[in-house]
$ cat run35.cif   # mmCIF, C-alpha atoms
data_entry
#
loop_
_atom_site.label_atom_id
_atom_site.label_comp_id
_atom_site.auth_asym_id
_atom_site.auth_seq_id
_atom_site.Cartn_x
_atom_site.Cartn_y
_atom_site.Cartn_z
CA MET U 1 13.69 2.18 -25.45
CA LYS U 2 14.51 -0.56 -22.99
CA ILE U 3 12.69 -1.53 -19.80
CA ASN U 4 15.12 -2.41 -17.01
CA ASN U 5 14.44 -5.28 -14.60
CA LEU U 6 11.25 -6.28 -16.41
CA ASN U 7 10.83 -9.63 -14.62
CA GLU U 8 11.24 -7.97 -11.23
CA LYS U 9 8.73 -5.27 -12.13
CA LEU U 10 6.20 -7.89 -13.24
CA LYS U 11 6.80 -9.77 -9.97
CA PHE U 12 6.06 -6.56 -8.05
CA ILE U 13 2.86 -6.00 -10.06
CA GLU U 14 1.76 -9.52 -9.17
CA LEU U 15 2.53 -8.93 -5.49
CA ILE U 16 0.58 -5.67 -5.22
CA ASP U 17 -2.44 -7.39 -6.72
CA GLU U 18 -2.81 -8.97 -3.25
CA MET U 19 -3.96 -5.56 -1.98
CA LYS U 20 -7.28 -6.33 -3.71
CA ASN U 21 -7.77 -9.35 -1.42
CA ILE U 22 -7.17 -7.69 1.95
CA LYS U 23 -10.50 -6.75 3.48
CA ARG U 24 -10.83 -3.84 5.86
CA ALA U 25 -13.46 -3.22 8.55
CA ILE U 26 -14.99 -0.37 6.57
CA LYS U 27 -18.07 -1.20 4.55
CA LEU U 28 -18.90 0.40 1.22
CA LYS U 29 -22.31 1.63 0.12
CA ASN U 30 -23.07 -1.79 -1.37
CA TRP U 31 -22.45 -3.35 2.09
CA ARG U 32 -19.31 -5.25 1.14
CA GLN U 33 -16.00 -4.65 2.85
CA GLU U 34 -13.53 -2.21 1.37
CA THR U 35 -10.22 -3.71 0.22
CA ASN U 36 -6.79 -2.25 0.86
CA ALA U 37 -6.45 -1.47 -2.85
CA GLU U 38 -9.68 0.54 -2.75
CA HIS U 39 -8.59 2.30 0.44
CA SER U 40 -5.20 3.25 -1.02
CA TYR U 41 -6.80 4.51 -4.24
CA HIS U 42 -9.41 6.54 -2.31
CA LEU U 43 -6.69 7.96 -0.07
CA ALA U 44 -4.54 8.93 -3.08
CA MET U 45 -7.52 10.72 -4.68
CA ILE U 46 -8.24 12.60 -1.43
CA VAL U 47 -4.57 13.59 -1.34
CA LEU U 48 -4.84 14.93 -4.89
CA ILE U 49 -7.81 17.15 -4.08
CA PHE U 50 -6.14 18.61 -0.97
CA LEU U 51 -2.67 19.13 -2.48
CA GLU U 52 -3.74 22.41 -4.12
CA ASP U 53 -4.17 23.83 -0.59
CA PHE U 54 -0.57 22.93 0.33
CA PRO U 55 1.71 23.99 -2.56
CA ASN U 56 4.80 23.55 -0.36
CA LEU U 57 4.34 19.76 -0.29
CA ASP U 58 6.07 17.44 -2.75
CA TRP U 59 2.98 16.09 -4.52
CA PHE U 60 4.77 13.13 -6.15
CA LYS U 61 6.09 11.97 -2.79
CA CYS U 62 2.61 12.38 -1.26
CA ILE U 63 1.05 10.17 -3.94
CA LYS U 64 3.78 7.54 -3.49
CA LEU U 65 3.27 7.56 0.28
CA ALA U 66 -0.51 7.24 -0.14
CA LEU U 67 -0.17 4.25 -2.44
CA ILE U 68 2.55 2.50 -0.43
CA HIS U 69 1.57 3.27 3.19
CA ASP U 70 -0.33 -0.04 3.70
CA LEU U 71 1.82 -2.30 1.53
CA VAL U 72 3.03 -4.21 4.60
CA GLU U 73 -0.54 -5.39 5.07
CA ILE U 74 -0.05 -7.80 2.18
CA PHE U 75 1.70 -9.90 4.84
CA ALA U 76 0.54 -8.28 8.11
CA TRP U 77 -3.16 -7.78 7.24
CA ASP U 78 -5.28 -4.86 8.41
CA THR U 79 -5.82 -4.00 12.08
CA VAL U 80 -9.24 -2.64 12.97
CA VAL U 81 -9.11 0.57 15.02
CA LEU U 82 -9.79 -0.11 18.73
CA ASP U 83 -9.04 -3.85 18.33
CA LYS U 84 -6.78 -3.93 21.36
CA LYS U 85 -5.82 -7.58 20.93
CA ARG U 86 -4.58 -7.17 17.34
CA GLU U 87 -3.12 -3.74 18.12
CA LYS U 88 -0.67 -5.46 20.53
CA THR U 89 0.77 -7.58 17.71
CA LYS U 90 0.63 -4.93 14.96
CA LYS U 91 4.23 -3.68 15.21
CA GLN U 92 5.64 -7.23 15.27
CA ARG U 93 3.44 -8.32 12.33
CA GLU U 94 4.51 -5.28 10.33
CA LYS U 95 8.18 -5.84 11.16
CA GLU U 96 7.86 -9.42 9.89
CA ALA U 97 6.03 -8.11 6.81
CA ILE U 98 8.99 -5.83 5.97
CA TYR U 99 11.20 -8.93 6.06
CA GLU U 100 8.76 -10.75 3.72
CA LEU U 101 8.77 -7.78 1.33
CA GLU U 102 12.55 -7.82 1.33
CA LYS U 103 12.59 -11.53 0.44
CA THR U 104 10.00 -11.00 -2.29
CA LEU U 105 11.12 -7.79 -4.00
CA TRP U 106 14.26 -6.97 -5.90
CA LYS U 107 16.75 -4.85 -4.04
CA GLU U 108 16.21 -1.49 -5.77
CA ILE U 109 12.44 -1.29 -5.40
CA PHE U 110 12.59 -2.72 -1.87
CA LYS U 111 14.96 0.09 -0.83
CA GLN U 112 12.52 2.73 -2.14
CA ILE U 113 9.48 1.08 -0.59
CA LYS U 114 11.14 0.46 2.78
CA SER U 115 12.27 4.08 2.88
CA LEU U 116 8.72 5.33 2.16
CA ILE U 117 7.12 2.94 4.68
CA PHE U 118 9.52 4.07 7.41
CA GLU U 119 9.01 7.72 6.49
CA TYR U 120 5.24 7.21 6.81
CA GLU U 121 5.55 5.35 10.12
CA LYS U 122 7.96 7.88 11.66
CA ARG U 123 6.10 10.87 10.17
CA ASN U 124 9.42 12.70 10.01
CA THR U 125 8.49 14.76 6.95
CA LEU U 126 5.59 17.12 6.30
CA GLU U 127 4.47 14.86 3.45
CA ALA U 128 4.36 11.78 5.71
CA GLU U 129 2.38 13.65 8.38
CA PHE U 130 -0.01 14.92 5.70
CA ILE U 131 -0.69 11.38 4.41
CA TYR U 132 -0.93 9.97 7.94
CA GLN U 133 -3.60 12.46 8.94
CA ILE U 134 -5.63 11.89 5.77
CA ASP U 135 -5.33 8.14 6.36
CA LYS U 136 -6.85 8.63 9.82
CA PHE U 137 -9.85 10.70 8.73
CA GLN U 138 -10.57 8.83 5.47
CA PRO U 139 -12.24 5.88 7.26
CA MET U 140 -14.51 8.29 9.14
CA ILE U 141 -15.72 9.78 5.86
CA GLN U 142 -16.32 6.23 4.65
CA VAL U 143 -18.25 5.37 7.85
CA VAL U 144 -20.55 8.36 7.37
CA MET U 145 -21.08 7.54 3.68
CA GLU U 146 -22.00 3.92 4.38
CA TRP U 147 -24.09 4.99 7.36
CA TRP U 148 -22.79 3.30 10.50
CA SER U 149 -22.77 -0.46 9.96
CA CYS U 150 -19.10 -1.02 10.86
CA LEU U 151 -19.42 1.10 14.02
CA ARG U 152 -22.14 -1.22 15.24
CA GLU U 153 -20.70 -4.42 13.83
CA TYR U 154 -17.39 -3.86 15.62
CA LYS U 155 -19.18 -2.44 18.70
CA MET U 156 -17.05 0.70 18.64
CA ASN U 157 -17.43 2.99 21.60
CA ILE U 158 -17.92 6.52 20.25
CA ASP U 159 -15.87 8.18 23.01
CA GLU U 160 -12.92 5.84 22.48
CA LEU U 161 -13.13 6.26 18.72
CA MET U 162 -13.21 10.06 18.99
CA ASP U 163 -10.28 10.02 21.41
CA ASN U 164 -8.31 7.73 19.08
CA LYS U 165 -8.95 9.84 15.96
CA TYR U 166 -8.42 13.27 17.56
CA LYS U 167 -5.04 12.12 18.91
CA LYS U 168 -3.97 11.43 15.32
CA VAL U 169 -5.58 14.33 13.43
CA ASP U 170 -4.71 17.83 14.61
CA ASP U 171 -5.06 21.27 13.06
CA LYS U 172 -1.66 21.40 11.37
CA PHE U 173 -3.46 20.99 8.02
CA GLY U 174 -6.96 21.97 9.17
CA PHE U 175 -8.18 18.38 8.96
CA LYS U 176 -9.67 18.42 12.44
CA LYS U 177 -12.69 20.17 10.86
CA ILE U 178 -13.33 17.07 8.77
CA LEU U 179 -13.38 14.87 11.88
CA ASP U 180 -15.67 17.40 13.58
CA LYS U 181 -18.16 17.13 10.69
CA CYS U 182 -18.01 13.32 10.64
CA PHE U 183 -18.51 12.90 14.38
CA LYS U 184 -21.26 15.53 14.44
CA LYS U 185 -23.19 13.53 11.83
CA ILE U 186 -22.48 10.21 13.57
CA ILE U 187 -23.80 11.58 16.89
CA GLU U 188 -26.79 13.44 15.41
CA GLU U 189 -27.92 10.39 13.45
CA LYS U 190 -27.10 7.94 16.29
CA MET U 191 -24.87 5.81 14.08
CA PHE U 192 -22.68 4.55 16.89
CA TYR U 193 -22.92 1.33 18.90
CA LYS U 194 -24.86 1.40 22.17
CA LYS U 195 -24.82 -1.41 24.73
#

$ encode --input "run35.cif" --output "structure tokens"
Amino acid sequence: MKINNLNEKLKFIELIDEMKNIKRAIKLKNWRQETNAEHSYHLAMIVLIFLEDFPNLDWFKCIKLALIHDLVEIFAWDTVVLDKKREKTKKQREKEAIYELEKTLWKEIFKQIKSLIFEYEKRNTLEAEFIYQIDKFQPMIQVVMEWWSCLREYKMNIDELMDNKYKKVDDKFGFKKILDKCFKKIIEEKMFYKK
């Protein structure tokens, strides 16, 4: 058996290692920041456990989308929810990141990755919408598990955060219930930031 484009594949493996160095706002139980690699892995595992409830979805595509959805952040870095200043530059940073990926990756894998990133961003397939919604509630599960510190550290207003999340997670897949549970716990246990 022969491996095609071995050098290019090794170059890609080296590039994705950078996902381990991108820190997100979310804190883990040991109080350190989650990395993008950990987020993507956690998201992919959540996708796996929910796929049995949606047999009409292409599971392989869902896993690929989960693993690739934040790849642009190797060059664009993460944007904290409700960070209005960074939110304004997010689209431009991600557009520039696509260009950097294109310069870095060999043509064949770049075509696949670009296609998946655009599919995720446009949410023009059921699989992309499925991953997008899980990506929006996953941090809330993480917030509840690590018990509030990032909500206070980033001085997140609970009403704005709820509005932001409920705009992105609807009942198409029944995931709104997960947000309901998270916010109920956050409010009951007073985890949110107060001025």

$ closest_atom_pairs --input "run35.cif" --of "stretch 113-156 of chain U" --to "stretch 178-186 of chain U" --cutoff "12 Å" --atoms "all atoms listed in the file" --output "Markdown table"
| residue | atom | partner | partner_atom | distance |
| --- | --- | --- | --- | --- |
| U:Gln133 | CA | U:Leu179 | CA | 10.5 |
| U:Ile134 | CA | U:Ile178 | CA | 9.8 |
| U:Asp135 | CA | U:Leu179 | CA | 11.9 |
| U:Lys136 | CA | U:Leu179 | CA | 9.3 |
| U:Phe137 | CA | U:Leu179 | CA | 6.3 |
| U:Gln138 | CA | U:Leu179 | CA | 9.2 |
| U:Pro139 | CA | U:Cys182 | CA | 10.0 |
| U:Met140 | CA | U:Cys182 | CA | 6.3 |
| U:Ile141 | CA | U:Cys182 | CA | 6.4 |
| U:Gln142 | CA | U:Cys182 | CA | 9.4 |
| U:Val143 | CA | U:Cys182 | CA | 8.4 |
| U:Val144 | CA | U:Cys182 | CA | 6.5 |
| U:Met145 | CA | U:Cys182 | CA | 9.6 |
| U:Glu146 | CA | U:Ile186 | CA | 11.1 |
| U:Trp147 | CA | U:Ile186 | CA | 8.3 |
| U:Trp148 | CA | U:Ile186 | CA | 7.6 |
| U:Ser149 | CA | U:Ile186 | CA | 11.3 |
| U:Leu151 | CA | U:Ile186 | CA | 9.6 |
| U:Arg152 | CA | U:Ile186 | CA | 11.6 |

$ atom_distance --input "run35.cif" --atom1 "atom CA of U:Glu34" --atom2 "atom CA of U:Ile22"
8.4 Å

$ atom_distance --input "run35.cif" --atom1 "atom CA of U:Lys23" --atom2 "atom CA of U:Leu116"
22.7 Å

$ closest_residue --input "run35.cif" --among "U:Ile158, U:Ile3, U:Leu15, U:Leu10" --to "U:Ile187" --atoms "only C-alpha atoms"
U:Ile158

$ atom_distance --input "run35.cif" --atom1 "atom CA of U:Val169" --atom2 "atom CA of U:Tyr132"
8.4 Å

$ residues_around --input "run35.cif" --residues "U:Glu121" --least-positions-apart "5" --cutoff "12 Å" --atoms "all atoms listed in the file" --output "list of chain:residue names"
U:Leu65, U:Ile68, U:His69, U:Asp70, U:Val72, U:Lys91, U:Glu94, U:Lys95, U:Lys114, U:Ser115, U:Leu116, U:Glu127, U:Ala128, U:Glu129, U:Phe130, U:Ile131, U:Tyr132, U:Gln133, U:Asp135

$ closest_residue --input "run35.cif" --among "U:Trp59, U:Tyr120, U:Phe50, U:Trp31" --to "U:Gly174" --atoms "only C-alpha atoms"
U:Phe50

$ residues_around --input "run35.cif" --residues "U:Cys150" --least-positions-apart "2" --cutoff "7 Å" --atoms "only C-alpha atoms" --output "PyMOL selection string"
chain U and resi 25-27+148+152-154

$ write_last_selection --input "run35.cif" --atoms "C-alpha atoms" --output "PDB file, in the coordinates of the input"
ATOM      1  CA  ALA U  25     -13.460  -3.220   8.550  1.00  0.00           C
ATOM      2  CA  ILE U  26     -14.990  -0.370   6.570  1.00  0.00           C
ATOM      3  CA  LYS U  27     -18.070  -1.200   4.550  1.00  0.00           C
ATOM      4  CA  TRP U 148     -22.790   3.300  10.500  1.00  0.00           C
ATOM      5  CA  ARG U 152     -22.140  -1.220  15.240  1.00  0.00           C
ATOM      6  CA  GLU U 153     -20.700  -4.420  13.830  1.00  0.00           C
ATOM      7  CA  TYR U 154     -17.390  -3.860  15.620  1.00  0.00           C
TER       8      TYR U 154
END

$ resolve_selection --input "run35.cif" --expression "the PyMOL selection byres ((chain U and resi 93) around 12)" --output "list in words"
Val72, Glu73, Ile74, Phe75, Ala76, Trp77, Asp78, Thr79, Arg86, Glu87, Lys88, Thr89, Lys90, Lys91, Gln92, Glu94, Lys95, Glu96, Ala97, Ile98, Tyr99 and Glu100 of chain U
